[in-house]
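Structure file target_29.txt; described as compact mmCIF, N, CA and C atoms.
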```txt
# COMPACT_ATOMS: atom_id res chain seq x y z
N MET A 27 1.89 23.02 -31.00
CA MET A 27 1.97 22.63 -29.60
C MET A 27 0.55 22.55 -29.05
N PRO A 28 0.22 21.48 -28.30
CA PRO A 28 -1.13 21.35 -27.76
C PRO A 28 -1.45 22.47 -26.78
N TYR A 29 -2.72 22.85 -26.77
CA TYR A 29 -3.20 23.90 -25.88
C TYR A 29 -2.92 23.54 -24.43
N GLY A 30 -2.41 24.46 -23.63
CA GLY A 30 -2.20 24.24 -22.21
C GLY A 30 -0.88 23.58 -21.85
N ILE A 31 -0.08 23.24 -22.84
CA ILE A 31 1.21 22.61 -22.56
C ILE A 31 2.31 23.65 -22.76
N MET A 32 3.05 23.93 -21.72
CA MET A 32 4.14 24.89 -21.80
C MET A 32 5.41 24.18 -22.24
N PRO A 33 6.24 24.83 -23.03
CA PRO A 33 7.50 24.21 -23.43
C PRO A 33 8.34 23.86 -22.21
N GLY A 34 8.93 22.69 -22.21
CA GLY A 34 9.78 22.26 -21.10
C GLY A 34 9.03 21.65 -19.94
N CYS A 35 7.69 21.66 -19.98
CA CYS A 35 6.89 21.08 -18.91
C CYS A 35 6.30 19.76 -19.37
N LEU A 36 6.24 18.82 -18.46
CA LEU A 36 5.66 17.53 -18.79
C LEU A 36 4.15 17.57 -18.63
N SER A 37 3.46 16.96 -19.55
CA SER A 37 2.02 16.81 -19.41
C SER A 37 1.74 15.63 -18.49
N LEU A 38 0.49 15.48 -18.10
CA LEU A 38 0.10 14.34 -17.29
C LEU A 38 0.41 13.04 -18.03
N ALA A 39 0.15 13.03 -19.33
CA ALA A 39 0.44 11.85 -20.14
C ALA A 39 1.95 11.58 -20.15
N GLY A 40 2.74 12.64 -20.23
CA GLY A 40 4.19 12.48 -20.21
C GLY A 40 4.68 11.92 -18.89
N LEU A 41 4.10 12.40 -17.79
CA LEU A 41 4.47 11.86 -16.48
C LEU A 41 4.08 10.39 -16.35
N TYR A 42 2.92 10.04 -16.91
CA TYR A 42 2.47 8.65 -16.88
C TYR A 42 3.46 7.77 -17.64
N ARG A 43 3.90 8.26 -18.79
CA ARG A 43 4.86 7.47 -19.58
C ARG A 43 6.18 7.31 -18.83
N LEU A 44 6.62 8.37 -18.13
CA LEU A 44 7.89 8.29 -17.40
C LEU A 44 7.80 7.37 -16.18
N SER A 45 6.57 7.07 -15.74
CA SER A 45 6.42 6.17 -14.60
C SER A 45 6.51 4.70 -15.03
N HIS A 46 6.70 4.46 -16.32
CA HIS A 46 6.81 3.09 -16.82
C HIS A 46 8.03 2.41 -16.21
N SER A 47 7.89 1.12 -15.92
CA SER A 47 8.98 0.40 -15.26
C SER A 47 10.26 0.39 -16.07
N ALA A 48 10.19 0.60 -17.39
CA ALA A 48 11.39 0.67 -18.21
C ALA A 48 12.26 1.86 -17.81
N PHE A 49 11.63 2.93 -17.32
CA PHE A 49 12.36 4.12 -16.90
C PHE A 49 12.74 4.09 -15.43
N THR A 50 11.87 3.52 -14.59
CA THR A 50 12.11 3.56 -13.15
C THR A 50 12.77 2.30 -12.61
N GLY A 51 12.57 1.18 -13.28
CA GLY A 51 13.11 -0.09 -12.80
C GLY A 51 12.24 -0.75 -11.75
N ILE A 52 11.09 -0.15 -11.44
CA ILE A 52 10.14 -0.73 -10.49
C ILE A 52 8.74 -0.65 -11.08
N SER A 53 7.82 -1.42 -10.53
CA SER A 53 6.45 -1.40 -11.05
C SER A 53 5.76 -0.09 -10.70
N ARG A 54 4.72 0.24 -11.45
CA ARG A 54 3.96 1.47 -11.16
C ARG A 54 3.33 1.39 -9.79
N LYS A 55 2.89 0.19 -9.40
CA LYS A 55 2.27 0.02 -8.08
C LYS A 55 3.28 0.35 -6.98
N HIS A 56 4.49 -0.18 -7.11
CA HIS A 56 5.53 0.08 -6.13
C HIS A 56 5.91 1.57 -6.13
N LEU A 57 6.00 2.17 -7.32
CA LEU A 57 6.30 3.59 -7.42
C LEU A 57 5.22 4.41 -6.72
N GLY A 58 3.96 4.03 -6.89
CA GLY A 58 2.86 4.71 -6.22
C GLY A 58 2.98 4.65 -4.71
N HIS A 59 3.36 3.47 -4.20
CA HIS A 59 3.54 3.32 -2.75
C HIS A 59 4.69 4.20 -2.25
N LEU A 60 5.78 4.26 -3.02
CA LEU A 60 6.91 5.10 -2.62
C LEU A 60 6.52 6.58 -2.61
N ILE A 61 5.76 7.01 -3.61
CA ILE A 61 5.32 8.40 -3.66
C ILE A 61 4.43 8.73 -2.48
N GLU A 62 3.50 7.82 -2.14
CA GLU A 62 2.62 8.03 -0.98
C GLU A 62 3.43 8.16 0.30
N GLU A 63 4.51 7.42 0.39
CA GLU A 63 5.36 7.46 1.59
C GLU A 63 6.18 8.74 1.67
N ILE A 64 6.67 9.19 0.54
CA ILE A 64 7.58 10.33 0.50
C ILE A 64 6.85 11.67 0.46
N ALA A 65 5.68 11.72 -0.13
CA ALA A 65 4.98 12.98 -0.39
C ALA A 65 4.79 13.87 0.84
N PRO A 66 4.34 13.34 2.00
CA PRO A 66 4.15 14.24 3.16
C PRO A 66 5.45 14.91 3.61
N ARG A 67 6.55 14.18 3.60
CA ARG A 67 7.83 14.77 4.00
C ARG A 67 8.31 15.80 2.99
N TRP A 68 8.12 15.49 1.69
CA TRP A 68 8.53 16.43 0.65
C TRP A 68 7.72 17.71 0.76
N THR A 69 6.40 17.58 0.96
CA THR A 69 5.53 18.75 1.07
C THR A 69 5.92 19.60 2.27
N SER A 70 6.20 18.96 3.40
CA SER A 70 6.60 19.68 4.59
C SER A 70 7.90 20.44 4.38
N ARG A 71 8.87 19.78 3.78
CA ARG A 71 10.15 20.43 3.53
C ARG A 71 9.98 21.59 2.55
N ARG A 72 9.16 21.39 1.53
CA ARG A 72 8.92 22.46 0.55
C ARG A 72 8.27 23.67 1.21
N GLN A 73 7.30 23.43 2.09
CA GLN A 73 6.65 24.52 2.80
C GLN A 73 7.65 25.26 3.70
N ASP A 74 8.56 24.53 4.33
CA ASP A 74 9.59 25.16 5.16
C ASP A 74 10.48 26.09 4.32
N VAL A 75 10.84 25.64 3.13
CA VAL A 75 11.67 26.45 2.23
C VAL A 75 10.91 27.71 1.83
N LEU A 76 9.64 27.56 1.47
CA LEU A 76 8.84 28.72 1.06
C LEU A 76 8.64 29.69 2.22
N THR A 77 8.42 29.17 3.42
CA THR A 77 8.27 30.02 4.60
C THR A 77 9.56 30.79 4.85
N GLY A 78 10.69 30.11 4.73
CA GLY A 78 11.97 30.78 4.91
C GLY A 78 12.20 31.87 3.88
N ARG A 79 11.77 31.63 2.65
CA ARG A 79 11.93 32.63 1.60
C ARG A 79 11.05 33.85 1.87
N ARG A 80 9.81 33.60 2.33
CA ARG A 80 8.90 34.71 2.63
C ARG A 80 9.28 35.43 3.91
N GLY A 81 9.87 34.69 4.86
CA GLY A 81 10.24 35.28 6.13
C GLY A 81 9.13 35.18 7.19
N HIS A 82 8.01 34.57 6.83
CA HIS A 82 6.90 34.40 7.76
C HIS A 82 5.94 33.34 7.23
N GLU A 83 5.02 32.90 8.08
CA GLU A 83 4.01 31.95 7.65
C GLU A 83 3.08 32.59 6.64
N ARG A 84 2.34 31.77 5.93
CA ARG A 84 1.35 32.30 4.98
C ARG A 84 0.31 33.13 5.72
N LEU A 85 -0.21 34.14 5.08
CA LEU A 85 -1.14 35.05 5.72
C LEU A 85 -2.61 34.65 5.50
N ARG A 86 -2.87 33.50 4.97
CA ARG A 86 -4.25 33.05 4.75
C ARG A 86 -4.94 32.75 6.03
```
Translate this file's structure into structure tokens.
Amino acid sequence: MPYGIMPGCLSLAGLYRLSHSAFTGISRKHLGHLIEEIAPRWTSRRQDVLTGRRGHERLR
């Protein structure tokens, strides 16, 4: 197993391969635009879930 790759986790190369239009049905450029559009909302929702789990905002 290559150094730094955990079993069950995708490498950057693996993610790049999965972004191929054969898997997604859309071009990589279009996929990139969709990710840019969705990422801020996903991040916000993820932070809300983590805050709820902790019971308070981050202490940093």
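The two atoms in question, atom CA of A:Arg54 and atom CA of A:Gly40, are spaced 14.3 Å apart.
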Exercise for the section: Mind the document's chain letters and residue numbers, and return as a PyMOL selection string the residues of chain A that DSSP labels alpha helix (DSSP H). Expected result: chain A and resi 38-44+47-50+54-80
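Coordinates place atom C of A:Ser37 at a distance of 19.8 Å from atom N of A:Ser53.
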Handout entry: atom CA of A:Tyr42 to atom N of A:Pro66, distance in Å rounded to a single decimal
Key = 19.5 Å
